[in-house]
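*Asks:* This is the content of work36.cif (mmCIF, C-alpha atoms and all ligand atoms):
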data_structure
#
loop_
_atom_site.label_atom_id
_atom_site.label_comp_id
_atom_site.auth_asym_id
_atom_site.auth_seq_id
_atom_site.Cartn_x
_atom_site.Cartn_y
_atom_site.Cartn_z
CA GLU Z 2 21.03 42.09 -35.91
CA CYS Z 3 23.31 44.72 -34.52
CA ARG Z 4 26.84 43.72 -35.34
CA THR Z 5 28.90 46.78 -34.50
CA PRO Z 6 30.27 46.37 -31.00
CA PRO Z 7 29.17 49.17 -28.69
CA THR Z 8 31.88 51.76 -28.51
CA GLY Z 9 31.08 53.48 -25.27
CA PRO Z 10 28.39 55.86 -26.31
CA ILE Z 11 29.50 59.35 -25.51
CA GLU Z 12 28.47 59.70 -29.13
CA MET Z 13 25.80 57.04 -29.40
CA THR Z 14 25.61 54.88 -32.48
CA HIS Z 15 22.53 53.39 -34.10
CA CYS Z 16 23.47 50.15 -32.45
CA ASP Z 17 23.46 51.69 -28.99
CA TYR Z 18 19.90 52.93 -29.44
CA GLU Z 19 18.84 49.50 -30.60
CA GLN Z 20 20.32 47.92 -27.50
CA VAL Z 21 18.37 50.30 -25.27
CA GLU Z 22 15.18 49.67 -27.26
CA THR Z 23 15.56 45.92 -26.94
CA ALA Z 24 15.92 46.06 -23.16
CA SER Z 25 13.52 48.94 -22.61
CA ASP Z 26 10.30 47.06 -21.76
CA ASP Z 27 12.02 44.66 -19.42
CA LEU Z 28 13.85 47.50 -17.69
CA PHE Z 29 10.66 49.47 -17.23
CA ALA Z 30 8.69 46.48 -15.93
CA ASN Z 31 11.24 45.88 -13.17
CA LEU Z 32 11.64 49.54 -12.27
CA GLN Z 33 7.89 50.04 -12.20
CA GLU Z 34 7.59 47.44 -9.43
CA LEU Z 35 10.74 48.53 -7.66
CA VAL Z 36 9.65 52.14 -7.14
CA LYS Z 37 6.47 50.95 -5.43
CA THR Z 38 8.41 49.17 -2.66
CA PRO Z 39 8.56 50.93 0.72
CA PHE Z 40 12.29 51.49 0.46
CA PHE Z 41 12.07 53.34 -2.85
CA LYS Z 42 8.77 55.16 -2.65
CA TYR Z 43 9.48 57.45 0.30
CA PHE Z 44 11.74 60.41 -0.37
CA GLN Z 45 12.73 62.87 2.31
CA VAL Z 46 13.45 66.42 1.23
CA ASP Z 47 13.10 70.02 2.33
CA LEU Z 48 10.89 71.62 -0.31
CA TYR Z 49 10.59 74.99 1.36
CA ARG Z 50 14.00 76.53 1.02
CA ASP Z 51 14.43 79.99 -0.48
CA CYS Z 52 15.79 80.37 -3.97
CA PRO Z 53 19.46 81.23 -3.45
CA PHE Z 54 19.84 83.14 -6.71
CA TRP Z 55 16.91 85.54 -7.06
CA GLU Z 56 13.73 86.75 -5.42
CA GLU Z 57 10.87 84.39 -6.12
CA ASN Z 58 7.47 85.73 -7.05
CA GLY Z 59 5.77 83.37 -4.64
CA ALA Z 60 4.46 79.83 -4.85
CA CYS Z 61 2.67 78.64 -7.95
CA GLY Z 62 -1.05 79.13 -7.34
CA ASN Z 63 -2.27 76.30 -9.61
CA ARG Z 64 -4.17 73.56 -7.87
CA GLU Z 65 -1.99 70.96 -9.59
CA CYS Z 66 1.19 72.42 -8.10
CA ALA Z 67 0.09 71.63 -4.56
CA ILE Z 68 1.55 68.64 -2.80
CA THR Z 69 0.89 66.71 0.38
CA THR Z 70 3.45 65.12 2.61
CA VAL Z 71 3.01 61.75 4.24
CA ASP Z 72 2.57 61.34 7.93
CA GLU Z 73 5.81 60.09 9.47
CA SER Z 74 3.96 57.23 11.09
CA ASP Z 75 3.31 55.83 7.58
CA VAL Z 76 7.03 55.68 6.89
CA PRO Z 77 8.86 52.49 7.95
CA GLU Z 78 10.21 53.11 11.40
CA LYS Z 79 13.81 52.78 10.42
CA TRP Z 80 13.65 55.87 8.25
CA ARG Z 81 11.87 58.19 10.67
CA ALA Z 82 13.73 61.24 11.94
CA ALA Z 83 14.10 59.93 15.48
CA ALA Z 84 15.70 56.72 14.25
CA LEU Z 85 17.86 58.49 11.71
CA SER Z 86 19.26 60.90 14.27
CA GLN Z 87 20.53 57.87 16.18
CA ILE Z 88 22.35 56.52 13.16
CA GLU Z 89 25.99 57.28 13.13
CA GLN Z 90 26.34 60.29 10.87
CA PRO Z 91 29.20 60.59 8.41
CA PRO Z 92 32.21 62.33 9.95
CA SER Z 93 31.74 66.09 10.00
CA ASP Z 94 35.22 66.60 8.64
CA LYS Z 95 34.28 66.56 4.99
CA ARG Z 96 37.81 65.90 3.78
CA THR Z 97 37.96 62.60 5.58
CA ARG Z 98 39.42 60.12 3.20
CA LEU Z 99 37.45 56.95 2.77
CA PRO Z 100 38.88 53.70 1.45
CA GLY Z 101 39.59 54.04 -2.25
CA CYS Z 102 40.21 57.32 -3.97
CA TYR Z 103 37.23 59.23 -2.68
CA TYR Z 104 36.57 62.17 -0.39
CA ARG Z 105 33.25 63.03 1.16
CA ASP Z 106 33.19 66.50 -0.36
CA SER Z 107 33.25 65.02 -3.85
CA ASP Z 108 29.53 65.42 -4.26
CA PHE Z 109 27.96 66.74 -7.42
CA CYS Z 110 24.93 67.90 -5.50
CA PHE Z 111 23.79 69.73 -2.41
CA LEU Z 112 22.23 67.01 -0.33
CA ASP Z 113 19.69 67.90 2.25
CA ASP Z 114 20.53 66.93 5.78
CA MET Z 115 19.33 63.37 6.38
CA THR Z 116 17.12 64.38 9.30
CA GLU Z 117 15.63 67.51 7.72
CA GLY Z 118 12.65 67.93 5.46
CA GLU Z 119 9.48 65.97 5.13
CA TYR Z 120 8.61 62.63 3.61
CA PHE Z 121 6.80 62.36 0.30
CA ASP Z 122 5.34 59.22 -1.18
CA LEU Z 123 6.53 59.46 -4.77
CA THR Z 124 3.91 56.99 -5.99
CA GLN Z 125 1.20 59.43 -4.90
CA VAL Z 126 2.68 62.38 -6.77
CA PRO Z 127 2.76 61.57 -10.48
CA GLU Z 128 5.06 63.70 -12.57
CA ARG Z 129 2.62 65.34 -14.95
CA PHE Z 130 1.10 68.57 -16.20
CA THR Z 131 0.76 71.14 -13.41
CA GLY Z 132 0.32 74.33 -15.41
CA TYR Z 133 3.63 75.71 -14.07
CA SER Z 134 5.04 77.75 -16.97
CA GLY Z 135 5.86 81.28 -18.05
CA PRO Z 136 8.80 83.48 -16.97
CA SER Z 137 9.57 81.61 -13.73
CA ALA Z 138 9.85 78.17 -15.37
CA HIS Z 139 11.75 79.66 -18.33
CA ARG Z 140 14.15 81.45 -16.07
CA VAL Z 141 14.98 78.24 -14.21
CA TRP Z 142 15.61 76.33 -17.44
CA ARG Z 143 17.67 79.16 -18.92
CA THR Z 144 19.81 79.41 -15.80
CA ILE Z 145 20.43 75.67 -15.88
CA TYR Z 146 21.54 75.81 -19.54
CA GLU Z 147 23.76 78.78 -18.78
CA GLU Z 148 25.61 76.71 -16.20
CA ASN Z 149 27.19 75.07 -19.23
CA CYS Z 150 29.46 78.10 -19.73
CA PHE Z 151 32.50 76.65 -18.07
CA GLY Z 152 35.02 79.30 -17.17
CA LEU Z 153 32.32 81.95 -16.80
CA SER Z 154 30.76 80.72 -13.59
CA GLU Z 155 30.97 83.99 -11.70
CA MET Z 156 29.31 85.90 -14.50
CA ASN Z 157 26.51 83.40 -14.69
CA LEU Z 158 25.70 83.64 -11.04
CA MET Z 159 25.72 87.44 -11.24
CA LYS Z 160 23.35 87.27 -14.17
CA ALA Z 161 21.10 84.90 -12.32
CA LYS Z 162 20.88 87.32 -9.40
CA SER Z 163 19.84 90.26 -11.60
CA PRO Z 164 16.12 91.07 -12.05
CA ALA Z 165 14.06 88.76 -14.22
CA PRO Z 166 14.18 89.58 -17.91
CA ILE Z 167 10.86 90.51 -19.49
CA SER Z 168 11.14 87.90 -22.17
CA MET Z 169 13.27 84.86 -22.29
CA ALA Z 170 16.06 84.31 -24.75
CA ASP Z 171 15.62 80.89 -26.20
CA PRO Z 172 18.44 78.69 -24.88
CA MET Z 173 18.25 76.71 -28.08
CA THR Z 174 19.07 79.71 -30.23
CA GLU Z 175 22.04 80.42 -28.03
CA ALA Z 176 23.17 76.87 -27.72
CA LEU Z 177 22.35 75.42 -31.10
CA HIS Z 178 23.68 75.87 -34.58
CA ASP Z 179 21.63 76.72 -37.68
CA ASP Z 180 21.33 73.06 -38.56
CA GLY Z 181 19.91 72.24 -35.15
CA SER Z 182 23.04 70.47 -33.99
CA GLU Z 183 24.86 71.24 -30.78
CA PRO Z 184 27.43 73.99 -30.54
CA PRO Z 185 30.57 73.19 -32.53
CA ALA Z 186 33.19 71.01 -30.99
CA GLN Z 187 33.42 72.41 -27.55
CA CYS Z 188 35.13 70.09 -25.19
CA LEU Z 189 33.54 66.71 -24.74
CA GLU Z 190 32.63 67.49 -21.14
CA LYS Z 191 30.53 70.52 -22.15
CA ARG Z 192 28.70 68.47 -24.73
CA VAL Z 193 28.02 65.81 -22.15
CA TYR Z 194 26.67 68.43 -19.73
CA TYR Z 195 24.35 69.78 -22.43
CA LYS Z 196 23.09 66.33 -23.36
CA ILE Z 197 22.38 65.41 -19.75
CA ILE Z 198 20.32 68.55 -19.16
CA SER Z 199 18.55 68.52 -22.50
CA GLY Z 200 17.67 64.83 -22.01
CA LEU Z 201 16.26 65.53 -18.56
CA HIS Z 202 14.29 68.50 -19.90
CA ALA Z 203 12.91 66.36 -22.75
CA SER Z 204 11.96 63.60 -20.34
CA ILE Z 205 10.07 66.05 -18.09
CA SER Z 206 8.32 67.47 -21.17
CA THR Z 207 7.39 63.94 -22.28
CA HIS Z 208 5.68 63.26 -18.94
CA ILE Z 209 3.87 66.60 -19.04
CA CYS Z 210 2.57 65.94 -22.57
CA TYR Z 211 1.53 62.38 -21.75
CA ASP Z 212 -0.39 63.20 -18.57
CA TYR Z 213 -1.82 66.46 -19.81
CA LEU Z 214 -4.84 68.37 -18.57
CA ASN Z 215 -7.09 69.66 -21.31
CA GLN Z 216 -8.10 72.87 -19.62
CA LYS Z 217 -11.19 73.26 -21.81
CA THR Z 218 -12.71 69.84 -21.13
CA GLY Z 219 -11.09 69.15 -17.75
CA GLU Z 220 -9.93 65.75 -19.03
CA TRP Z 221 -6.49 64.20 -18.56
CA GLY Z 222 -4.79 62.35 -21.40
CA PRO Z 223 -1.90 62.30 -23.89
CA ASN Z 224 -1.42 65.44 -25.95
CA LEU Z 225 0.35 64.44 -29.17
CA GLN Z 226 0.73 68.01 -30.42
CA CYS Z 227 2.46 68.98 -27.17
CA PHE Z 228 4.91 66.07 -27.58
CA ILE Z 229 5.60 66.91 -31.22
CA GLU Z 230 6.29 70.56 -30.47
CA ARG Z 231 8.44 70.05 -27.40
CA VAL Z 232 10.29 66.83 -28.17
CA ALA Z 233 9.66 64.98 -31.43
CA SER Z 234 10.31 67.94 -33.73
CA HIS Z 235 13.80 68.15 -32.17
CA PRO Z 236 15.15 64.60 -32.70
CA GLU Z 237 18.30 65.34 -30.75
CA ARG Z 238 16.21 65.90 -27.60
CA LEU Z 239 14.80 62.41 -27.92
CA GLN Z 240 18.30 61.06 -28.43
CA TYR Z 241 19.44 62.68 -25.20
CA ILE Z 242 16.77 60.84 -23.22
CA TYR Z 243 18.44 57.63 -24.46
CA PHE Z 244 21.79 59.14 -23.58
CA ASP Z 245 20.65 59.78 -20.01
CA VAL Z 246 19.29 56.25 -19.73
CA VAL Z 247 22.63 54.79 -20.79
CA LEU Z 248 24.54 57.05 -18.41
CA MET Z 249 22.29 56.13 -15.47
CA LEU Z 250 22.50 52.44 -16.35
CA ARG Z 251 26.27 52.56 -16.40
CA ALA Z 252 26.25 54.04 -12.89
CA VAL Z 253 23.79 51.38 -11.70
CA ALA Z 254 25.95 48.64 -13.26
CA ARG Z 255 29.04 49.91 -11.44
CA LEU Z 256 27.06 50.16 -8.22
CA GLY Z 257 25.80 46.57 -8.60
CA PRO Z 258 27.78 44.89 -5.77
CA TYR Z 259 27.09 47.81 -3.45
CA LEU Z 260 23.35 47.69 -4.18
CA ASP Z 261 23.40 43.96 -3.62
CA ALA Z 262 24.93 44.39 -0.17
CA TYR Z 263 22.78 47.38 0.80
CA ASP Z 264 20.42 47.03 3.78
CA TYR Z 265 16.83 47.40 2.47
CA CYS Z 266 15.45 46.03 5.67
CA SER Z 267 12.82 48.74 5.74
CA THR Z 268 9.50 47.13 6.45
CA GLY Z 269 10.24 44.23 8.67
CA THR Z 270 8.67 41.93 6.06
CA HIS Z 271 11.31 39.53 4.92
CA GLU Z 272 9.44 38.70 1.69
CA GLU Z 273 9.25 42.32 0.70
CA ASP Z 274 12.95 42.87 1.21
CA VAL Z 275 13.75 39.74 -0.80
CA GLU Z 276 11.50 41.02 -3.59
CA THR Z 277 13.19 44.45 -3.52
CA LYS Z 278 16.57 42.76 -3.94
CA ARG Z 279 15.31 40.51 -6.71
CA LEU Z 280 13.94 43.43 -8.74
CA LEU Z 281 17.08 45.42 -8.16
CA GLY Z 282 19.18 42.46 -9.26
CA ASN Z 283 17.21 42.33 -12.52
CA VAL Z 284 17.80 46.04 -13.09
CA VAL Z 285 21.53 45.66 -12.42
CA ASP Z 286 21.72 42.74 -14.91
CA ILE Z 287 20.09 44.85 -17.62
CA ALA Z 288 22.36 47.73 -16.69
CA LYS Z 289 25.44 45.55 -17.20
CA ASP Z 290 24.28 44.74 -20.74
CA VAL Z 291 23.10 48.15 -21.84
CA GLY Z 292 24.93 50.70 -19.68
CA LYS Z 293 27.83 51.16 -22.07
CA PHE Z 294 28.58 54.78 -21.27
CA ASP Z 295 32.36 55.13 -21.23
CA GLU Z 296 33.23 57.55 -18.47
CA SER Z 297 36.95 56.94 -18.88
CA VAL Z 298 37.19 59.19 -21.95
CA LEU Z 299 36.13 62.25 -19.98
CA PHE Z 300 38.30 64.51 -17.87
CA ARG Z 301 41.54 63.33 -19.41
CA GLY Z 302 43.21 66.32 -21.04
CA GLU Z 303 45.75 68.64 -19.45
CA ASN Z 304 43.05 70.75 -17.75
CA ALA Z 305 41.18 67.68 -16.59
CA LYS Z 306 41.27 68.51 -12.89
CA VAL Z 307 40.05 72.07 -13.31
CA LEU Z 308 37.39 71.01 -15.75
CA LYS Z 309 36.11 68.34 -13.42
CA GLU Z 310 35.90 70.79 -10.55
CA GLU Z 311 33.96 73.19 -12.74
CA PHE Z 312 31.66 70.45 -13.98
CA LYS Z 313 30.99 69.45 -10.39
CA ASN Z 314 30.35 73.02 -9.26
CA HIS Z 315 27.99 73.64 -12.13
CA PHE Z 316 26.05 70.52 -11.43
CA ARG Z 317 25.84 71.45 -7.76
CA ASN Z 318 24.35 74.76 -8.83
CA VAL Z 319 21.75 72.90 -10.86
CA THR Z 320 20.64 71.05 -7.74
CA ARG Z 321 20.44 74.39 -5.87
CA ILE Z 322 18.48 76.03 -8.68
CA MET Z 323 15.71 73.53 -7.91
CA ASP Z 324 14.87 75.71 -4.91
CA CYS Z 325 13.84 78.38 -7.43
CA VAL Z 326 11.15 76.18 -9.02
CA GLU Z 327 7.94 77.78 -7.80
CA CYS Z 328 5.69 74.74 -8.24
CA HIS Z 329 6.24 72.38 -5.32
CA LYS Z 330 5.28 69.24 -7.18
CA CYS Z 331 7.69 70.16 -9.97
CA ARG Z 332 10.32 71.06 -7.38
CA LEU Z 333 9.99 67.64 -5.75
CA TRP Z 334 10.57 65.81 -9.03
CA GLY Z 335 13.26 68.31 -10.01
CA LYS Z 336 15.08 67.56 -6.76
CA VAL Z 337 14.69 63.80 -7.10
CA GLN Z 338 16.02 63.82 -10.66
CA THR Z 339 18.90 66.25 -10.26
CA THR Z 340 19.97 64.34 -7.14
CA GLY Z 341 19.67 61.08 -9.09
CA ILE Z 342 21.82 62.34 -11.94
CA ALA Z 343 24.31 63.91 -9.52
CA THR Z 344 24.61 60.57 -7.75
CA ALA Z 345 25.26 58.83 -11.07
CA LEU Z 346 27.94 61.39 -11.93
CA LYS Z 347 29.56 60.91 -8.56
CA ILE Z 348 29.64 57.14 -9.08
CA LEU Z 349 31.09 57.51 -12.57
CA PHE Z 350 33.65 60.22 -12.01
CA GLU Z 351 34.65 60.03 -8.36
CA MET Z 352 34.57 56.41 -7.35
CA ASP Z 353 37.05 53.72 -8.25
CA GLU Z 354 36.39 50.00 -7.79
CA LYS Z 355 37.88 49.99 -4.32
CA THR Z 356 35.62 52.82 -3.19
CA LEU Z 357 32.63 50.99 -4.60
CA ASP Z 358 33.45 47.83 -2.67
CA PRO Z 359 30.61 47.43 -0.14
CA ARG Z 360 32.90 45.74 2.37
CA ALA Z 361 35.26 48.70 2.35
CA ASN Z 362 32.59 51.42 2.28
CA ALA Z 363 29.30 50.26 3.69
CA ASN Z 364 27.99 53.84 4.11
CA LEU Z 365 29.12 55.17 0.77
CA LEU Z 366 25.77 56.55 -0.33
CA SER Z 367 22.91 57.94 1.67
CA ARG Z 368 19.45 56.44 1.37
CA SER Z 369 18.26 59.60 -0.44
CA GLU Z 370 20.92 59.11 -3.10
CA VAL Z 371 20.02 55.46 -3.71
CA VAL Z 372 16.29 56.29 -3.83
CA ALA Z 373 16.91 59.24 -6.16
CA LEU Z 374 19.17 57.20 -8.47
CA ILE Z 375 16.57 54.48 -9.03
CA ASN Z 376 13.59 56.81 -9.28
CA THR Z 377 15.40 58.97 -11.84
CA LEU Z 378 16.17 55.92 -13.95
CA HIS Z 379 12.50 54.97 -13.66
CA ARG Z 380 11.39 58.46 -14.84
CA LEU Z 381 13.67 58.21 -17.88
CA SER Z 382 12.70 54.64 -18.62
CA GLU Z 383 9.02 55.57 -18.44
CA SER Z 384 9.69 58.36 -20.92
CA LEU Z 385 10.93 55.77 -23.43
CA GLU Z 386 7.72 53.79 -22.91
CA VAL Z 387 5.64 56.92 -23.41
CA VAL Z 388 7.55 57.77 -26.59
CA ASP Z 389 6.41 54.40 -27.95
CA ILE Z 390 2.79 55.24 -27.15
CA PHE Z 391 3.16 58.59 -28.90
CA ARG Z 392 4.67 56.80 -31.92
CA THR Z 393 1.56 54.63 -32.13
CA LEU Z 394 -0.72 57.65 -31.72
CA TRP Z 395 1.19 59.40 -34.49
CA ASN Z 396 0.90 56.40 -36.81
CA ASP Z 397 -2.83 56.16 -36.10
CA THR Z 398 -3.31 59.86 -36.82
CA SER Z 399 -1.28 59.62 -40.05
CA ALA Z 400 -3.28 56.57 -41.15
CA GLU Z 401 -6.55 58.47 -40.67
CA ASP Z 402 -5.35 61.38 -42.86
P1 LIG Z 501 10.01 74.95 -21.62
O1 LIG Z 501 9.95 73.48 -21.43
O2 LIG Z 501 9.87 75.83 -20.43
O3 LIG Z 501 11.41 75.25 -22.34
C1 LIG Z 501 11.94 76.57 -22.42
C2 LIG Z 501 12.77 76.68 -23.69
O4 LIG Z 501 13.85 75.75 -23.62
C3 LIG Z 501 11.96 76.29 -24.95
O5 LIG Z 501 11.39 77.41 -25.51
C4 LIG Z 501 13.03 75.66 -25.84
O6 LIG Z 501 13.64 76.65 -26.63
C5 LIG Z 501 14.08 75.13 -24.88
N1 LIG Z 501 13.94 73.68 -24.73
C6 LIG Z 501 12.81 72.98 -24.48
N2 LIG Z 501 13.08 71.68 -24.35
C7 LIG Z 501 14.41 71.54 -24.53
C8 LIG Z 501 15.30 70.43 -24.53
N3 LIG Z 501 14.87 69.18 -24.26
N4 LIG Z 501 16.60 70.65 -24.78
C9 LIG Z 501 17.06 71.90 -25.01
N5 LIG Z 501 16.27 72.99 -25.00
C10 LIG Z 501 14.97 72.82 -24.77
N6 LIG Z 501 5.64 71.58 -15.60
C11 LIG Z 501 4.64 70.68 -15.40
O7 LIG Z 501 3.53 70.86 -15.89
N7 LIG Z 501 4.86 69.56 -14.62
C12 LIG Z 501 6.08 69.30 -14.06
O8 LIG Z 501 6.24 68.29 -13.36
C13 LIG Z 501 7.13 70.23 -14.28
N8 LIG Z 501 8.36 70.04 -13.73
C14 LIG Z 501 9.32 70.98 -13.92
C15 LIG Z 501 10.58 70.79 -13.32
C16 LIG Z 501 11.57 71.74 -13.49
C17 LIG Z 501 12.91 71.52 -12.84
C18 LIG Z 501 11.31 72.92 -14.24
C19 LIG Z 501 12.37 73.98 -14.40
C20 LIG Z 501 10.09 73.11 -14.84
C21 LIG Z 501 9.09 72.15 -14.69
N9 LIG Z 501 7.84 72.32 -15.29
C22 LIG Z 501 6.86 71.39 -15.06
C23 LIG Z 501 7.61 73.38 -16.27
C24 LIG Z 501 7.89 72.86 -17.69
O9 LIG Z 501 9.17 72.24 -17.76
C25 LIG Z 501 7.89 73.98 -18.76
O10 LIG Z 501 8.77 75.00 -18.34
C26 LIG Z 501 6.51 74.57 -18.98
O11 LIG Z 501 5.59 73.55 -19.31
C27 LIG Z 501 6.53 75.58 -20.14
O12 LIG Z 501 6.95 74.91 -21.31
P2 LIG Z 501 7.44 75.64 -22.63
O13 LIG Z 501 6.84 74.92 -23.79
O14 LIG Z 501 7.16 77.10 -22.53
O15 LIG Z 501 8.99 75.39 -22.74
#
Could you render the structure as structure tokens?
*Replies:*
Amino acid sequence: ECRTPPTGPIEMTHCDYEQVETASDDLFANLQELVKTPFFKYFQVDLYRDCPFWEENGACGNRECAITTVDESDVPEKWRAAALSQIEQPPSDKRTRLPGCYYRDSDFCFLDDMTEGEYFDLTQVPERFTGYSGPSAHRVWRTIYEENCFGLSEMNLMKAKSPAPISMADPMTEALHDDGSEPPAQCLEKRVYYKIISGLHASISTHICYDYLNQKTGEWGPNLQCFIERVASHPERLQYIYFDVVLMLRAVARLGPYLDAYDYCSTGTHEEDVETKRLLGNVVDIAKDVGKFDESVLFRGENAKVLKEEFKNHFRNVTRIMDCVECHKCRLWGKVQTTGIATALKILFEMDEKTLDPRANANLLSRSEVVALINTLHRLSESLEVVDIFRTLWNDTSAED
């Protein structure tokens, strides 16, 4: 039994991993059902914006990169553009102060306009191998890692606008030490940024390797070698998936009362809405037990305010960089997940208890943010399940040798 009390895992202990492991199956089972509900499966987004940082080479030509939208008539009426445009929009004055210590321009992400973009049914677009790779994909990842250079923002953006390099410098060689650990004691906030991104990257890689197309045989299936190369041979990457799960769970736990009061009345079927709330309630209960991320230790020093602004700006850039992902299917999941993480960061670092009170702030989060938050947690939680399957595959392979 795990006796050490959880300490707020900015640096996670053995015990923290065990706690996540113990709750992992239950968490996944609830999320798996939740993301199939009408409220959570439709995501509205504009996937056809230009890359703001460099000239794109054009859309990815692979068949697997293509994506279809859903007809608006399939989307519950309440969420269609015509209905949404009638909803009272948030005040246009972005500095309007809402109850609690929170301003509307405190976002960590560039959110698409609520009435723009098309609807996608996320259950119909599995996150898996698409064949998108090479200089374009590498450039996007490298630019995202470079956003970690706090204090050098201007230079980074200038670099990102310059022509594509012929070969890519490995972000790991730049970011990691000889022993494979992270860069030496930079500030905590930079380490947290790196872990968040590396965990997301590892989770995406895990999905790609699990639902992999063998281009020789045309068959789909898990590719153990791919997983070993991209994730398992770098144990810290696996750890950061856990880190992201704990961070997301902490945000969901804090959002519990708000989620409970949220209007999911999306289908007109009372039973379905009750079921959505029940599943969400289960997820929030697990989150309260396992989401022990301690946000209070961040942004505390003398430069806290500046650092937080920089952190926010860098994360906003990450959400904008998604418009540079040339594969539309990858771009969709990139947007969902960076929006989901940005929403979690906003909850953790911008919102106090009063702000989070649903009676004081009924319209605190947009539907896109709530949908992205839960779907991102589901992606990460599924990665942990897949890791287990790869462990078994590995053991089977070792036993055969
Ligand atoms: P990449 O994954 O491109 O990594 C580039 C370099 O980063 C590696 O050489 C390594 O040094 C370093 N690195 C790798 N993992 C980590 C980590 N966890 N932490 C720190 N450093 C790391 N492809 C698909 O097939 N399906 C998708 O759904 C998909 N979604 C994508 C979404 C986004 C936002 C982006 C940017 C790319 C996506 N891709 C997707 C492409 C995919 O992520 C890889 O870029 C591609 O498969 C090529 O992989 P690679 O092995 O060359 O290394």
*Asks:* Do you know which residues are within 7 Å of ligand LIG 501 (chain Z) using all atoms listed in the file? Can you write them as a ChimeraX atom specification?
*Replies:* /Z:128-135,138-139,141-143,171-173,199-203,205-206,209,231-232,238,323,326,330-332,334-335
*Asks:* One decimal, in Å: what's the spacing between atom CA of Z:Asp264 and atom CA of Z:Ala24?
*Replies:*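 Separation between atom CA of Z:Asp264 and atom CA of Z:Ala24: 27.3 Å.
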*Asks:* Just checking: using all atoms listed in the file, which residue out of Z:Leu366, Z:Cys325, Z:Asp72, Z:Thr344 ends up closest to Z:Pro136?
*Replies:* Z:Cys325
*Asks:* Closest to Z:Ile322 among Z:Asp17, Z:Glu147, Z:Glu22, Z:Asp75, using all atoms listed in the file?
*Replies:*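 Residue with the minimum atom-to-atom distance to Z:Ile322: Z:Glu147.
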*Asks:* Ranking Z:Trp395, Z:Tyr243, Z:Phe312, Z:Tyr195 by minimum distance to Z:Leu346 and counting all atoms listed in the file, which one comes first?
*Replies:*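 Under the stated criterion, the closest residue is Z:Phe312.
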*Asks:* Measuring between all atoms listed in the file, which one of Z:Asp397, Z:Glu65, Z:Glu351, Z:Glu56 shows the shortest distance to Z:Ser137?
*Replies:*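 Nearest candidate to Z:Ser137 out of Z:Asp397, Z:Glu65, Z:Glu351, Z:Glu56: Z:Glu56.
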*Asks:* With distances taken over only C-alpha atoms, which residue among Z:Ala305, Z:Ile242, Z:Ala254, Z:Ala262 lies nearest Z:Ile287?
*Replies:*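 Closest candidate: Z:Ala254.
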*Asks:* Considering all atoms listed in the file, state which residue in the set Z:Val193, Z:Leu394, Z:Val126, Z:Ile375 is at the smallest distance from Z:Thr277.
*Replies:*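 The answer is Z:Ile375, which sits nearest to Z:Thr277.
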*Asks:* Quick check, in Å to one decimal: how far apart do atom CA of Z:Arg321 and atom CA of Z:Ile198 lie?
*Replies:*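 A separation of 14.5 Å between them.
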*Asks:* Using all atoms listed in the file, what does the table of stretch 365-401 of chain Z residues within 9 Å of stretch 29-39 of chain Z look like, with each row giving the shortest atom pair and its distance in Å to one decimal, sorted by chain and ascending number, as a tab-separated table?
*Replies:*
residue	atom	partner	partner_atom	distance
Z:Val372	CA	Z:Val36	CA	8.5
Z:Ile375	CA	Z:Val36	CA	7.5
Z:Asn376	CA	Z:Val36	CA	6.5
Z:Leu378	CA	Z:Leu32	CA	8.0
Z:His379	CA	Z:Leu32	CA	5.7
Z:Ser382	CA	Z:Phe29	CA	5.7
Z:Glu383	CA	Z:Phe29	CA	6.4
Z:Leu385	CA	Z:Phe29	CA	8.8
Z:Glu386	CA	Z:Phe29	CA	7.7
*Asks:* In Å, rounded to a single decimal, give me how far atom CA of Z:Val291 is from atom CA of Z:Leu250.
*Replies:*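 Spanning atom CA of Z:Leu250 to atom CA of Z:Val291 is a straight-line distance of 7.0 Å.
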*Asks:* Determine, counting only C-alpha atoms, every residue of protein, DNA or RNA that lies within 12 Å of (4.3, 68.4, -31.0) in the file coordinates, then give the result as a short mmCIF file (atom, residue, chain, number, x, y, z; two decimals) with C-alpha atoms, keeping the file's coordinate frame.
*Replies:*
data_model
loop_
_atom_site.label_atom_id
_atom_site.label_comp_id
_atom_site.auth_asym_id
_atom_site.auth_seq_id
_atom_site.Cartn_x
_atom_site.Cartn_y
_atom_site.Cartn_z
CA SER Z 206 8.32 67.47 -21.17
CA THR Z 207 7.39 63.94 -22.28
CA CYS Z 210 2.57 65.94 -22.57
CA TYR Z 211 1.53 62.38 -21.75
CA PRO Z 223 -1.90 62.30 -23.89
CA ASN Z 224 -1.42 65.44 -25.95
CA LEU Z 225 0.35 64.44 -29.17
CA GLN Z 226 0.73 68.01 -30.42
CA CYS Z 227 2.46 68.98 -27.17
CA PHE Z 228 4.91 66.07 -27.58
CA ILE Z 229 5.60 66.91 -31.22
CA GLU Z 230 6.29 70.56 -30.47
CA ARG Z 231 8.44 70.05 -27.40
CA VAL Z 232 10.29 66.83 -28.17
CA ALA Z 233 9.66 64.98 -31.43
CA SER Z 234 10.31 67.94 -33.73
CA HIS Z 235 13.80 68.15 -32.17
CA PRO Z 236 15.15 64.60 -32.70
CA VAL Z 388 7.55 57.77 -26.59
CA PHE Z 391 3.16 58.59 -28.90
CA ARG Z 392 4.67 56.80 -31.92
CA LEU Z 394 -0.72 57.65 -31.72
CA TRP Z 395 1.19 59.40 -34.49
#
